[in-house]
file coords-v3.csv (CSV, C-alpha atoms and all ligand atoms)
chain,number,residue,atom,x,y,z
Y,910,MET,CA,18.0,-16.9,9.9
Y,911,HIS,CA,15.0,-16.3,7.6
Y,912,ASP,CA,13.2,-13.4,9.1
Y,913,GLY,CA,10.3,-13.5,6.7
Y,914,ILE,CA,6.6,-13.9,7.3
Y,915,THR,CA,4.4,-16.3,5.4
Y,916,LEU,CA,0.6,-16.7,5.7
Y,917,VAL,CA,-0.9,-19.6,3.9
Y,918,ASN,CA,-4.6,-19.9,3.4
Y,919,VAL,CA,-5.4,-18.0,6.6
Y,920,SER,CA,-9.0,-17.4,7.5
Y,921,LYS,CA,-10.7,-16.0,10.6
Y,922,ARG,CA,-14.3,-15.5,11.4
Y,923,PHE,CA,-15.3,-13.9,14.7
Y,924,THR,CA,-18.0,-15.6,16.7
Y,925,GLY,CA,-21.4,-14.4,15.7
Y,926,ALA,CA,-20.2,-12.7,12.5
Y,927,ASP,CA,-21.9,-13.6,9.2
Y,928,GLU,CA,-18.8,-13.0,7.1
Y,929,PRO,CA,-15.2,-14.0,7.8
Y,930,ALA,CA,-13.0,-10.9,8.7
Y,931,VAL,CA,-10.1,-12.6,6.9
Y,932,ARG,CA,-10.6,-15.0,4.0
Y,933,ASP,CA,-8.0,-17.4,2.6
Y,934,VAL,CA,-5.2,-14.9,2.8
Y,935,HIS,CA,-1.8,-15.8,1.2
Y,936,LEU,CA,0.9,-13.3,2.0
Y,937,SER,CA,4.6,-13.6,1.9
Y,938,VAL,CA,7.0,-11.0,3.2
Y,939,GLU,CA,10.7,-11.5,2.4
Y,940,PRO,CA,13.4,-10.9,5.0
Y,941,GLY,CA,14.1,-7.2,5.2
Y,942,GLU,CA,11.1,-6.3,3.2
Y,943,ILE,CA,8.5,-3.7,4.1
Y,944,VAL,CA,5.0,-4.7,2.9
Y,945,ALA,CA,2.1,-2.3,3.3
Y,946,LEU,CA,-1.3,-3.8,3.9
Y,947,LEU,CA,-3.7,-1.3,2.3
Y,948,GLY,CA,-7.4,-1.4,2.4
Y,949,PRO,CA,-10.6,0.5,3.5
Y,950,SER,CA,-11.7,0.5,7.1
Y,951,GLY,CA,-13.1,-2.9,8.2
Y,952,CYS,CA,-11.5,-4.9,5.4
Y,953,GLY,CA,-9.5,-7.1,7.9
Y,954,LYS,CA,-6.1,-5.4,8.1
Y,955,THR,CA,-5.9,-5.3,11.9
Y,956,THR,CA,-7.2,-8.8,12.2
Y,957,THR,CA,-4.5,-10.0,9.8
Y,958,LEU,CA,-1.8,-8.3,12.0
Y,959,ARG,CA,-3.3,-9.8,15.2
Y,960,LEU,CA,-3.2,-13.2,13.6
Y,961,ILE,CA,0.5,-12.7,12.8
Y,962,ALA,CA,1.2,-11.4,16.3
Y,963,GLY,CA,-0.7,-14.2,17.9
Y,964,PHE,CA,-3.6,-12.2,19.5
Y,965,GLU,CA,-6.0,-14.2,17.4
Y,966,ARG,CA,-6.0,-17.8,16.2
Y,967,PRO,CA,-6.7,-18.6,12.6
Y,968,ASP,CA,-9.7,-20.9,11.9
Y,969,GLU,CA,-7.8,-22.2,8.9
Y,970,GLY,CA,-4.4,-22.0,7.4
Y,971,HIS,CA,-1.0,-21.3,9.0
Y,972,VAL,CA,1.4,-18.5,9.9
Y,973,ILE,CA,5.2,-18.9,9.6
Y,974,ILE,CA,7.6,-16.3,11.2
Y,975,ALA,CA,11.3,-16.7,10.6
Y,976,GLY,CA,10.9,-20.3,9.5
Y,977,ASN,CA,8.8,-21.4,12.4
Y,978,GLN,CA,5.1,-22.3,12.2
Y,979,VAL,CA,3.6,-20.1,14.9
Y,980,ALA,CA,0.0,-20.9,14.2
Y,981,GLY,CA,-1.6,-23.7,12.3
Y,982,PRO,CA,-2.2,-27.5,12.5
Y,983,HIS,CA,1.1,-27.9,14.3
Y,984,GLY,CA,0.2,-25.8,17.3
Y,985,PHE,CA,0.2,-22.3,18.5
Y,986,ILE,CA,3.0,-20.2,19.8
Y,987,SER,CA,2.1,-17.4,22.2
Y,988,PRO,CA,2.6,-13.7,21.2
Y,989,ASP,CA,5.5,-13.1,23.5
Y,990,LYS,CA,7.5,-16.0,22.0
Y,991,ARG,CA,7.0,-15.0,18.3
Y,992,GLY,CA,9.7,-12.3,18.1
Y,993,VAL,CA,7.2,-9.8,16.9
Y,994,GLY,CA,7.3,-6.1,17.6
Y,995,MET,CA,4.3,-3.9,17.4
Y,996,VAL,CA,3.7,-0.2,16.9
Y,997,PHE,CA,0.1,1.0,17.4
Y,998,GLN,CA,-1.8,4.1,16.2
Y,999,ASP,CA,-1.9,5.5,19.8
Y,1000,TYR,CA,1.7,4.4,20.5
Y,1001,ALA,CA,0.6,2.9,23.8
Y,1002,LEU,CA,3.5,4.5,25.7
Y,1003,PHE,CA,3.5,4.3,29.5
Y,1004,PRO,CA,2.7,7.9,30.7
Y,1005,HIS,CA,4.5,7.5,34.0
Y,1006,LEU,CA,7.8,6.3,32.5
Y,1007,THR,CA,10.5,8.4,30.9
Y,1008,VAL,CA,11.6,7.9,27.3
Y,1009,SER,CA,14.5,5.8,28.5
Y,1010,ASP,CA,12.3,3.7,30.8
Y,1011,ASN,CA,9.7,3.1,28.1
Y,1012,ILE,CA,12.5,1.8,25.8
Y,1013,ALA,CA,13.9,-0.3,28.7
Y,1014,PHE,CA,10.5,-1.9,29.1
Y,1015,GLY,CA,10.6,-3.0,25.5
Y,1016,ILE,CA,14.0,-4.6,25.8
Y,1017,GLY,CA,13.0,-6.8,28.7
Y,1018,ARG,CA,15.6,-8.8,30.8
Y,1019,LEU,CA,19.3,-8.2,30.0
Y,1020,PRO,CA,22.4,-7.7,32.2
Y,1021,ARG,CA,22.4,-4.1,33.5
Y,1022,GLN,CA,25.4,-2.9,31.4
Y,1023,GLU,CA,24.1,-4.5,28.2
Y,1024,LYS,CA,20.7,-3.0,28.7
Y,1025,ARG,CA,22.2,0.5,29.2
Y,1026,GLU,CA,24.1,0.1,26.0
Y,1027,ARG,CA,21.1,-1.1,24.1
Y,1028,ILE,CA,19.0,1.8,25.3
Y,1029,ASP,CA,21.7,4.3,24.2
Y,1030,GLU,CA,21.9,2.6,20.9
Y,1031,LEU,CA,18.1,2.9,20.4
Y,1032,LEU,CA,18.1,6.5,21.6
Y,1033,GLU,CA,20.8,7.3,19.1
Y,1034,LEU,CA,19.1,5.4,16.3
Y,1035,THR,CA,15.8,7.3,16.7
Y,1036,GLY,CA,17.4,10.6,17.4
Y,1037,LEU,CA,16.0,10.8,21.0
Y,1038,GLY,CA,19.3,11.1,22.9
Y,1039,ALA,CA,18.5,14.6,24.2
Y,1040,LEU,CA,15.0,13.6,25.3
Y,1041,ALA,CA,15.8,10.5,27.3
Y,1042,GLU,CA,14.6,11.8,30.6
Y,1043,ARG,CA,11.3,13.4,29.3
Y,1044,PHE,CA,7.9,11.9,29.9
Y,1045,PRO,CA,5.6,11.1,27.0
Y,1046,HIS,CA,3.3,14.2,27.6
Y,1047,GLN,CA,6.4,16.4,27.1
Y,1048,LEU,CA,7.0,15.1,23.6
Y,1049,SER,CA,5.5,16.0,20.2
Y,1050,GLY,CA,3.5,13.3,18.2
Y,1051,GLY,CA,6.5,12.6,16.0
Y,1052,GLN,CA,8.8,12.1,19.0
Y,1053,GLN,CA,6.3,9.8,20.7
Y,1054,GLN,CA,6.2,7.8,17.6
Y,1055,ARG,CA,10.0,7.5,17.7
Y,1056,VAL,CA,9.8,6.2,21.3
Y,1057,ALA,CA,7.2,3.6,20.2
Y,1058,MET,CA,9.5,2.5,17.4
Y,1059,ALA,CA,12.5,2.3,19.7
Y,1060,ARG,CA,10.5,0.3,22.3
Y,1061,ALA,CA,9.3,-2.1,19.6
Y,1062,LEU,CA,12.7,-2.5,18.1
Y,1063,GLY,CA,14.4,-3.0,21.5
Y,1064,PRO,CA,14.2,-6.8,21.7
Y,1065,LYS,CA,15.4,-7.1,18.1
Y,1066,PRO,CA,12.2,-8.7,16.8
Y,1067,HIS,CA,12.2,-10.9,13.7
Y,1068,VAL,CA,9.4,-8.7,12.4
Y,1069,LEU,CA,7.8,-5.4,13.1
Y,1070,LEU,CA,4.1,-4.9,12.7
Y,1071,LEU,CA,2.8,-1.3,12.4
Y,1072,ASP,CA,-0.9,-0.6,12.6
Y,1073,GLU,CA,-1.8,2.8,11.2
Y,1074,PRO,CA,1.2,4.3,12.9
Y,1075,PHE,CA,1.0,7.7,11.3
Y,1076,SER,CA,-2.7,8.5,11.6
Y,1077,ASN,CA,-2.4,10.6,14.8
Y,1078,LEU,CA,0.2,13.0,13.3
Y,1079,ASP,CA,-0.6,16.2,11.5
Y,1080,THR,CA,0.0,16.2,7.8
Y,1081,GLU,CA,3.5,17.7,7.7
Y,1082,MET,CA,4.8,15.4,10.5
Y,1083,ARG,CA,3.1,12.4,8.9
Y,1084,LEU,CA,5.0,13.0,5.6
Y,1085,ALA,CA,8.3,13.4,7.4
Y,1086,MET,CA,7.8,10.3,9.6
Y,1087,ARG,CA,6.9,8.1,6.6
Y,1088,ILE,CA,10.4,8.8,5.2
Y,1089,GLU,CA,12.1,8.6,8.6
Y,1090,VAL,CA,10.5,5.2,9.5
Y,1091,ARG,CA,11.2,3.8,6.1
Y,1092,ASP,CA,14.9,4.8,6.3
Y,1093,LEU,CA,15.2,3.4,9.9
Y,1094,LEU,CA,13.7,0.0,8.9
Y,1095,LYS,CA,15.8,-0.2,5.8
Y,1096,SER,CA,19.0,0.7,7.7
Y,1097,LEU,CA,18.3,-2.1,10.2
Y,1098,GLY,CA,17.1,-4.5,7.6
Y,1099,THR,CA,13.9,-5.1,9.6
Y,1100,THR,CA,11.1,-7.1,8.1
Y,1101,ALA,CA,7.9,-5.1,8.5
Y,1102,ILE,CA,4.2,-5.0,7.7
Y,1103,LEU,CA,2.6,-1.5,7.7
Y,1104,VAL,CA,-1.2,-1.4,7.9
Y,1105,THR,CA,-2.7,1.7,6.4
Y,1106,HIS,CA,-5.9,2.9,4.7
Y,1107,ASP,CA,-3.9,5.7,3.1
Y,1108,GLN,CA,-2.7,4.7,-0.4
Y,1109,GLN,CA,-0.1,7.5,-0.5
Y,1110,GLU,CA,1.4,6.2,2.7
Y,1111,ALA,CA,1.5,2.6,1.3
Y,1112,MET,CA,3.2,3.8,-1.9
Y,1113,THR,CA,5.8,5.9,-0.2
Y,1114,VAL,CA,6.8,3.5,2.6
Y,1115,ALA,CA,6.5,0.0,1.2
Y,1116,ASP,CA,8.6,-2.1,-1.1
Y,1117,ARG,CA,5.4,-4.0,-2.0
Y,1118,MET,CA,1.8,-3.3,-1.2
Y,1119,ALA,CA,-0.9,-5.8,-0.6
Y,1120,VAL,CA,-4.4,-4.5,-1.4
Y,1121,MET,CA,-7.0,-6.0,0.9
Y,1122,LEU,CA,-10.7,-5.8,0.2
Y,1123,HIS,CA,-13.5,-7.7,2.1
Y,1124,GLY,CA,-11.0,-9.8,4.0
Y,1125,ARG,CA,-9.1,-10.9,0.9
Y,1126,VAL,CA,-5.7,-9.9,-0.4
Y,1127,GLU,CA,-6.6,-9.0,-4.0
Y,1128,GLN,CA,-3.1,-8.1,-5.2
Y,1129,ILE,CA,0.4,-7.9,-3.9
Y,1130,ASP,CA,3.1,-6.2,-5.9
Y,1131,VAL,CA,5.4,-3.2,-6.1
Y,1132,PRO,CA,3.3,0.1,-5.9
Y,1133,GLU,CA,4.1,1.0,-9.5
Y,1134,ILE,CA,2.5,-2.2,-10.8
Y,1135,VAL,CA,-0.5,-2.0,-8.4
Y,1136,TYR,CA,-1.2,1.5,-9.5
Y,1137,HIS,CA,-0.7,1.1,-13.3
Y,1138,TYR,CA,-1.7,-2.5,-13.6
Y,1139,PRO,CA,-4.3,-3.4,-11.0
Y,1140,ALA,CA,-5.2,-7.1,-10.9
Y,1141,THR,CA,-8.9,-6.5,-10.7
Y,1142,ARG,CA,-11.5,-3.8,-11.3
Y,1143,ALA,CA,-12.0,-3.6,-7.5
Y,1144,VAL,CA,-8.3,-2.8,-7.0
Y,1145,ALA,CA,-8.3,-0.3,-9.9
Y,1146,ASN,CA,-11.3,1.4,-8.2
Y,1147,PHE,CA,-9.8,1.5,-4.7
Y,1148,VAL,CA,-6.2,2.6,-5.6
Y,1149,GLY,CA,-5.9,6.0,-7.2
Y,1150,GLN,CA,-8.3,7.7,-9.5
Y,1151,GLY,CA,-9.2,6.6,-13.0
Y,1152,THR,CA,-11.9,6.3,-15.7
Y,1153,PHE,CA,-12.9,3.2,-17.4
Y,1154,VAL,CA,-13.2,3.8,-21.2
Y,1155,PRO,CA,-15.0,1.1,-23.2
Y,1156,ALA,CA,-13.4,-0.5,-26.1
Y,1157,THR,CA,-14.7,-3.0,-28.7
Y,1158,ILE,CA,-12.7,-6.0,-29.7
Y,1159,ALA,CA,-12.3,-7.1,-33.2
Y,1160,GLY,CA,-9.7,-9.8,-33.7
Y,1161,ALA,CA,-6.6,-8.6,-31.9
Y,1162,ILE,CA,-7.6,-4.9,-31.9
Y,1163,ALA,CA,-9.4,-2.9,-29.2
Y,1164,GLU,CA,-11.1,0.1,-30.7
Y,1165,SER,CA,-12.0,3.0,-28.4
Y,1166,ASP,CA,-12.5,6.8,-28.3
Y,1167,LEU,CA,-8.8,7.1,-27.3
Y,1168,GLY,CA,-7.7,5.1,-30.4
Y,1169,ARG,CA,-6.8,1.6,-31.2
Y,1170,PHE,CA,-4.8,-0.8,-29.1
Y,1171,GLU,CA,-3.5,-4.2,-29.7
Y,1172,LEU,CA,-4.5,-7.0,-27.3
Y,1173,GLU,CA,-1.5,-8.8,-26.0
Y,1174,GLU,CA,-3.4,-12.0,-25.7
Y,1175,GLN,CA,-6.6,-12.8,-27.5
Y,1176,GLY,CA,-9.6,-13.7,-25.5
Y,1177,ALA,CA,-13.3,-14.3,-26.3
Y,1178,GLN,CA,-14.4,-10.9,-25.0
Y,1179,VAL,CA,-16.1,-8.4,-27.4
Y,1180,HIS,CA,-16.0,-5.6,-24.9
Y,1181,VAL,CA,-13.3,-4.4,-22.4
Y,1182,ASP,CA,-12.8,-1.3,-20.3
Y,1183,LEU,CA,-9.5,0.5,-20.5
Y,1184,LEU,CA,-8.2,1.9,-17.2
Y,1185,ILE,CA,-7.2,5.5,-17.8
Y,1186,ARG,CA,-5.4,7.3,-15.0
Y,1187,PRO,CA,-5.5,11.1,-14.7
Y,1188,ARG,CA,-2.0,11.5,-16.2
Y,1189,ASP,CA,-2.4,8.9,-18.9
Y,1190,VAL,CA,-3.6,11.3,-21.7
Y,1191,SER,CA,-2.7,14.6,-23.1
Y,1192,LEU,CA,-5.1,17.1,-24.7
Y,1193,GLU,CA,-4.8,19.2,-27.8
Y,1194,VAL,CA,-7.3,21.8,-28.8
Y,1195,ASP,CA,-8.7,20.9,-32.2
Y,1196,PRO,CA,-11.9,22.0,-33.7
Y,1197,ASP,CA,-12.2,18.6,-35.4
Y,1198,GLY,CA,-11.6,16.8,-32.0
Y,1199,ILE,CA,-14.2,14.2,-31.0
Y,1200,ALA,CA,-14.1,15.2,-27.3
Y,1201,VAL,CA,-15.4,18.2,-25.5
Y,1202,ILE,CA,-14.1,19.9,-22.3
Y,1203,VAL,CA,-16.9,19.8,-19.7
Y,1204,SER,CA,-15.2,21.4,-16.8
Y,1205,ARG,CA,-11.9,22.7,-15.6
Y,1206,THR,CA,-10.6,22.9,-12.0
Y,1207,PHE,CA,-7.3,24.6,-11.2
Y,1208,HIS,CA,-5.3,23.1,-8.3
Y,1209,GLY,CA,-2.0,24.9,-8.5
Y,1210,ALA,CA,0.5,22.5,-10.1
Y,1211,GLU,CA,-2.2,20.7,-12.1
Y,1212,THR,CA,-5.6,21.4,-13.6
Y,1213,THR,CA,-8.2,18.7,-13.7
Y,1214,TYR,CA,-10.4,18.5,-16.7
Y,1215,VAL,CA,-13.6,16.5,-17.2
Y,1216,ILE,CA,-13.9,15.5,-20.9
Y,1217,GLN,CA,-17.0,14.2,-22.6
Y,1218,LEU,CA,-16.2,11.3,-24.9
Y,1219,PRO,CA,-18.5,10.2,-27.7
Y,1220,CYS,CA,-19.0,6.8,-26.1
Y,1221,GLY,CA,-20.8,8.6,-23.2
Y,1222,VAL,CA,-18.1,8.4,-20.6
Y,1223,GLN,CA,-16.7,11.5,-18.9
Y,1224,LEU,CA,-13.0,11.1,-18.7
Y,1225,GLN,CA,-11.1,12.8,-15.9
Y,1226,SER,CA,-7.6,14.1,-16.8
Y,1227,ASN,CA,-4.9,16.1,-14.9
Y,1228,GLN,CA,-2.8,18.4,-17.0
Y,1229,PRO,CA,0.0,20.8,-16.2
Y,1230,SER,CA,-1.6,24.0,-15.1
Y,1231,TYR,CA,0.4,26.4,-17.3
Y,1232,VAL,CA,-1.9,25.5,-20.2
Y,1233,SER,CA,-5.6,26.3,-19.8
Y,1234,ILE,CA,-8.4,25.0,-22.0
Y,1235,SER,CA,-11.8,26.5,-21.7
Y,1236,PRO,CA,-14.9,24.4,-21.0
Y,1237,GLY,CA,-16.8,23.9,-24.3
Y,1238,ALA,CA,-13.6,23.6,-26.4
Y,1239,ARG,CA,-13.2,20.6,-28.7
Y,1240,VAL,CA,-10.1,18.6,-28.0
Y,1241,ARG,CA,-8.1,15.6,-29.3
Y,1242,VAL,CA,-7.3,13.2,-26.5
Y,1243,ARG,CA,-4.0,11.2,-26.9
Y,1244,CYS,CA,-3.0,8.3,-24.8
Y,1245,ASN,CA,0.5,8.7,-23.4
Y,1246,ARG,CA,0.9,5.2,-22.3
Y,1247,VAL,CA,2.8,2.4,-24.0
Y,1248,ARG,CA,0.7,-0.2,-22.1
Y,1249,LEU,CA,-2.6,-0.1,-20.5
Y,1250,ALA,CA,-4.6,-2.4,-18.2
Y,1251,ALA,CA,-8.1,-3.4,-19.4
Y,1252,TYR,CA,-10.9,-5.4,-17.9
Y,1253,ASP,CA,-13.5,-7.7,-19.2
Y,1254,ALA,CA,-16.8,-8.4,-17.5
Y,1255,ASP,CA,-15.2,-10.9,-15.2
Y,1256,SER,CA,-12.6,-8.4,-13.9
Y,1257,ARG,CA,-9.8,-10.2,-15.6
Y,1258,VAL,CA,-6.9,-8.2,-16.9
Y,1259,ALA,CA,-6.3,-8.0,-20.6
Y,1260,LEU,CA,-3.3,-6.0,-21.5
Y,1261,THR,CA,-3.2,-3.8,-24.5
Y,1262,ALA,CA,-0.4,-2.1,-26.4
Y,1263,PRO,CA,-0.4,0.1,-29.5
Y,1264,PRO,CA,0.2,-1.6,-32.8
Y,1265,ARG,CA,3.9,-2.2,-33.8
Y,1266,LEU,CA,5.0,-3.0,-30.2
Y,1267,GLY,CA,4.2,-6.7,-30.7
Y,1268,PRO,CA,2.5,-8.9,-28.2
Y,1269,MET,CA,3.5,-9.2,-24.6
Y,1270,SER,CA,2.3,-12.1,-22.5
Y,1271,LEU,CA,-0.7,-11.6,-20.2
Y,1272,GLY,CA,0.0,-11.4,-16.6
Y,1273,THR,CA,3.7,-10.9,-16.7
Y,1274,PRO,CA,4.4,-7.9,-14.6
Y,1275,VAL,CA,7.5,-6.8,-16.4
Y,1276,ALA,CA,8.2,-3.3,-17.7
Y,1277,LEU,CA,5.2,-1.0,-17.7
Y,1278,ASP,CA,6.2,2.1,-19.6
Y,1279,GLY,CA,9.7,1.5,-18.4
Y,1280,ILE,CA,8.7,0.8,-14.8
Y,1281,ASP,CA,9.6,-2.5,-13.4
Y,1282,ALA,CA,10.0,-4.2,-10.1
Y,1283,ALA,CA,13.8,-4.0,-10.2
Y,1284,ALA,CA,13.6,-0.2,-10.3
Y,1285,ARG,CA,12.6,-0.2,-6.6
Y,1286,SER,CA,15.1,-1.6,-4.1
E,1301,LIG,P1,-9.5,-3.0,9.6
E,1301,LIG,O1,-8.3,-3.0,10.5
E,1301,LIG,O2,-9.1,-3.2,8.1
E,1301,LIG,O3,-10.3,-1.7,9.7
E,1301,LIG,P2,-10.5,-5.1,11.2
E,1301,LIG,O4,-9.5,-6.2,11.0
E,1301,LIG,O5,-10.3,-4.4,12.5
E,1301,LIG,O6,-10.5,-4.1,10.0
E,1301,LIG,O7,-12.0,-5.7,11.2
E,1301,LIG,C1,-12.4,-6.6,10.2
E,1301,LIG,C2,-13.8,-7.0,10.5
E,1301,LIG,O8,-13.9,-7.8,11.6
E,1301,LIG,C3,-14.8,-5.8,10.8
E,1301,LIG,O9,-16.0,-6.1,10.2
E,1301,LIG,C4,-14.8,-5.8,12.3
E,1301,LIG,O10,-16.0,-5.2,12.7
E,1301,LIG,C5,-14.7,-7.2,12.6
E,1301,LIG,N1,-14.0,-7.5,13.9
E,1301,LIG,C6,-12.8,-7.1,14.3
E,1301,LIG,N2,-12.4,-7.5,15.5
E,1301,LIG,C7,-13.5,-8.1,16.0
E,1301,LIG,C8,-13.8,-8.8,17.2
E,1301,LIG,N3,-12.9,-8.9,18.2
E,1301,LIG,N4,-15.0,-9.4,17.3
E,1301,LIG,C9,-15.9,-9.4,16.3
E,1301,LIG,N5,-15.7,-8.8,15.2
E,1301,LIG,C10,-14.5,-8.1,15.0
E,1302,MG,MG,-7.6,-1.5,11.8

call {"tool": "encode", "arguments": {"input": "coords-v3.csv", "output": "structure tokens"}}
result
Amino acid sequence: MHDGITLVNVSKRFTGADEPAVRDVHLSVEPGEIVALLGPSGCGKTTTLRLIAGFERPDEGHVIIAGNQVAGPHGFISPDKRGVGMVFQDYALFPHLTVSDNIAFGIGRLPRQEKRERIDELLELTGLGALAERFPHQLSGGQQQRVAMARALGPKPHVLLLDEPFSNLDTEMRLAMRIEVRDLLKSLGTTAILVTHDQQEAMTVADRMAVMLHGRVEQIDVPEIVYHYPATRAVANFVGQGTFVPATIAGAIAESDLGRFELEEQGAQVHVDLLIRPRDVSLEVDPDGIAVIVSRTFHGAETTYVIQLPCGVQLQSNQPSYVSISPGARVRVRCNRVRLAAYDADSRVALTAPPRLGPMSLGTPVALDGIDAAARS
């Protein structure tokens, strides 16, 4: 059984809306994989989940779950027959039912003994054994979330869809539940899509993350690649912090205030912007340095500096906080990265690497400073 999810060319526009909520989405989730759908509010995440679950019909394209086309030119399968489990932000538990009975509701029809065993198994799995006879209002947020998970997993769905499941929890509980939910899904080998607007959450829970902007999936890849090698400027802007530092191209060399880099593939551009993340550079106080510290903000573990570069750009950089450099000091800025992402006017990626490393091919998401897809499993 192939418990994956595939969306091909899926579009959805609501009646009366000017713009489609979901545009030409291609998305493929492997069996047992957790994919996070990350994007700002209103970008179409919930609509995408509802299209997969069958609460909405696509205008175009098709949806395949576990090898069966559930929506598309060959018909439409109703939500209850898709083998899809859902966990919502508000958990949607039945307030008048105990934990056990909430879970029993999810399982549906089964012979009495089998059902009892399944409930016990789910209580055990989610660590709710001692709370089986409590009602939802007698549970903490994290415990309610476990009940919602157990109820959704009860019928052994092909896939589990989670829509902002952690947003009602306080910070500490949220961090703990991310790990707990990931471990649970991994131990069961459940295929899952987690919708979130929180990038940290996407990065900690998911095997791969899909960045959705204005109804489109702009990039889908392991979090390390999305963060360090965003497919477009828009993804670079949405995910993480960073500064674009201009570079001028001459032949195969990109010249910038952070030094010279070699283009991995030559294009026609004369100008690119290098994406510099806060930890991508180190600073060294040097009276002959070309950069000047504008401001310093201490955060505890790290200190954030804003650095004026001669090109006019103010670079933001996080440094270990045990070193402190005063505003006004001249510094030398060194790039720590072996590879960088850069963008031309059309938002296309042009990779750069320092001289001596030799060319690497454009668009091959292999090792990035030693990070590669295989490192995450
Ligand atoms: P997200 O979950 O990413 O915040 P949604 O998928 O809920 O975004 O919404 C995407 C867009 O579609 C928004 O502009 C929203 O207002 C619109 N939308 C969502 N549901 C409906 C609906 N039932 N009718 C009309 N417009 C809708
Ligand atoms: Mg939503």

call {"tool": "residues_near_ligand", "arguments": {"input": "coords-v3.csv", "ligand": "ligand MG 1302 (chain E)", "cutoff": "8 Å", "atoms": "all atoms listed in the file", "output": "list in words"}}
result
Ser950, Gly951, Gly953, Lys954, Thr955, Thr956, Asp1072, Glu1073, Val1104 and Thr1105 of chain Y

call {"tool": "residues_near_ligand", "arguments": {"input": "coords-v3.csv", "ligand": "ligand LIG 1301 (chain E)", "cutoff": "10 Å", "atoms": "only C-alpha atoms and all ligand atoms", "output": "PyMOL selection string"}}
result
chain Y and resi 921-931+946-960+964-965+1072-1073+1104-1106+1121-1124

call {"tool": "write_last_selection", "arguments": {"input": "coords-v3.csv", "atoms": "C-alpha atoms", "output": "compact mmCIF listing (two decimals), in the coordinates of the input"}}
result
# COMPACT_ATOMS: atom_id res chain seq x y z
CA LYS Y 921 -10.70 -16.00 10.60
CA ARG Y 922 -14.30 -15.50 11.40
CA PHE Y 923 -15.30 -13.90 14.70
CA THR Y 924 -18.00 -15.60 16.70
CA GLY Y 925 -21.40 -14.40 15.70
CA ALA Y 926 -20.20 -12.70 12.50
CA ASP Y 927 -21.90 -13.60 9.20
CA GLU Y 928 -18.80 -13.00 7.10
CA PRO Y 929 -15.20 -14.00 7.80
CA ALA Y 930 -13.00 -10.90 8.70
CA VAL Y 931 -10.10 -12.60 6.90
CA LEU Y 946 -1.30 -3.80 3.90
CA LEU Y 947 -3.70 -1.30 2.30
CA GLY Y 948 -7.40 -1.40 2.40
CA PRO Y 949 -10.60 0.50 3.50
CA SER Y 950 -11.70 0.50 7.10
CA GLY Y 951 -13.10 -2.90 8.20
CA CYS Y 952 -11.50 -4.90 5.40
CA GLY Y 953 -9.50 -7.10 7.90
CA LYS Y 954 -6.10 -5.40 8.10
CA THR Y 955 -5.90 -5.30 11.90
CA THR Y 956 -7.20 -8.80 12.20
CA THR Y 957 -4.50 -10.00 9.80
CA LEU Y 958 -1.80 -8.30 12.00
CA ARG Y 959 -3.30 -9.80 15.20
CA LEU Y 960 -3.20 -13.20 13.60
CA PHE Y 964 -3.60 -12.20 19.50
CA GLU Y 965 -6.00 -14.20 17.40
CA ASP Y 1072 -0.90 -0.60 12.60
CA GLU Y 1073 -1.80 2.80 11.20
CA VAL Y 1104 -1.20 -1.40 7.90
CA THR Y 1105 -2.70 1.70 6.40
CA HIS Y 1106 -5.90 2.90 4.70
CA MET Y 1121 -7.00 -6.00 0.90
CA LEU Y 1122 -10.70 -5.80 0.20
CA HIS Y 1123 -13.50 -7.70 2.10
CA GLY Y 1124 -11.00 -9.80 4.00

call {"tool": "residues_near_point", "arguments": {"input": "coords-v3.csv", "point": "(-13.0, -7.7, -28.1)", "cutoff": "6 Å", "atoms": "only C-alpha atoms", "output": "PDB file with C-alpha atoms, keeping the file's coordinate frame"}}
result
ATOM      1  CA  THR Y1157     -14.700  -3.000 -28.700  1.00  0.00           C
ATOM      2  CA  ILE Y1158     -12.700  -6.000 -29.700  1.00  0.00           C
ATOM      3  CA  ALA Y1159     -12.300  -7.100 -33.200  1.00  0.00           C
ATOM      4  CA  GLN Y1178     -14.400 -10.900 -25.000  1.00  0.00           C
ATOM      5  CA  VAL Y1179     -16.100  -8.400 -27.400  1.00  0.00           C
ATOM      6  CA  HIS Y1180     -16.000  -5.600 -24.900  1.00  0.00           C
TER       7      HIS Y1180
END

call {"tool": "atom_distance", "arguments": {"input": "coords-v3.csv", "atom1": "atom CA of Pro1074 of chain Y", "atom2": "atom CA of Ile1102 of chain Y"}}
result
11.1 Å

call {"tool": "residues_around", "arguments": {"input": "coords-v3.csv", "residues": "Asp1079 of chain Y", "least_positions_apart": "4", "cutoff": "10 Å", "atoms": "all atoms listed in the file", "output": "ChimeraX atom specification"}}
result
/Y:1050-1051,1075,1083-1084

call {"tool": "residues_around", "arguments": {"input": "coords-v3.csv", "residues": "Asp1116 of chain Y", "least_positions_apart": "2", "cutoff": "12 Å", "atoms": "all atoms listed in the file", "output": "PyMOL selection string"}}
result
chain Y and resi 938-946+1091-1092+1094-1095+1100-1103+1110-1114+1118-1119+1129-1135+1282-1286

call {"tool": "residues_around", "arguments": {"input": "coords-v3.csv", "residues": "Val1190 of chain Y", "least_positions_apart": "4", "cutoff": "10 Å", "atoms": "all atoms listed in the file", "output": "NGL selection string"}}
result
:Y and (1167 or 1185-1186 or 1224-1228 or 1241-1246)

call {"tool": "residues_around", "arguments": {"input": "coords-v3.csv", "residues": "Ala1013 of chain Y", "least_positions_apart": "5", "cutoff": "10 Å", "atoms": "all atoms listed in the file", "output": "list in words"}}
result
Leu1006, Thr1007, Val1008, Arg1018, Leu1019, Lys1024, Arg1025, Arg1027, Ile1028, Leu1031, Ala1059, Arg1060, Gly1063 and Pro1064 of chain Y
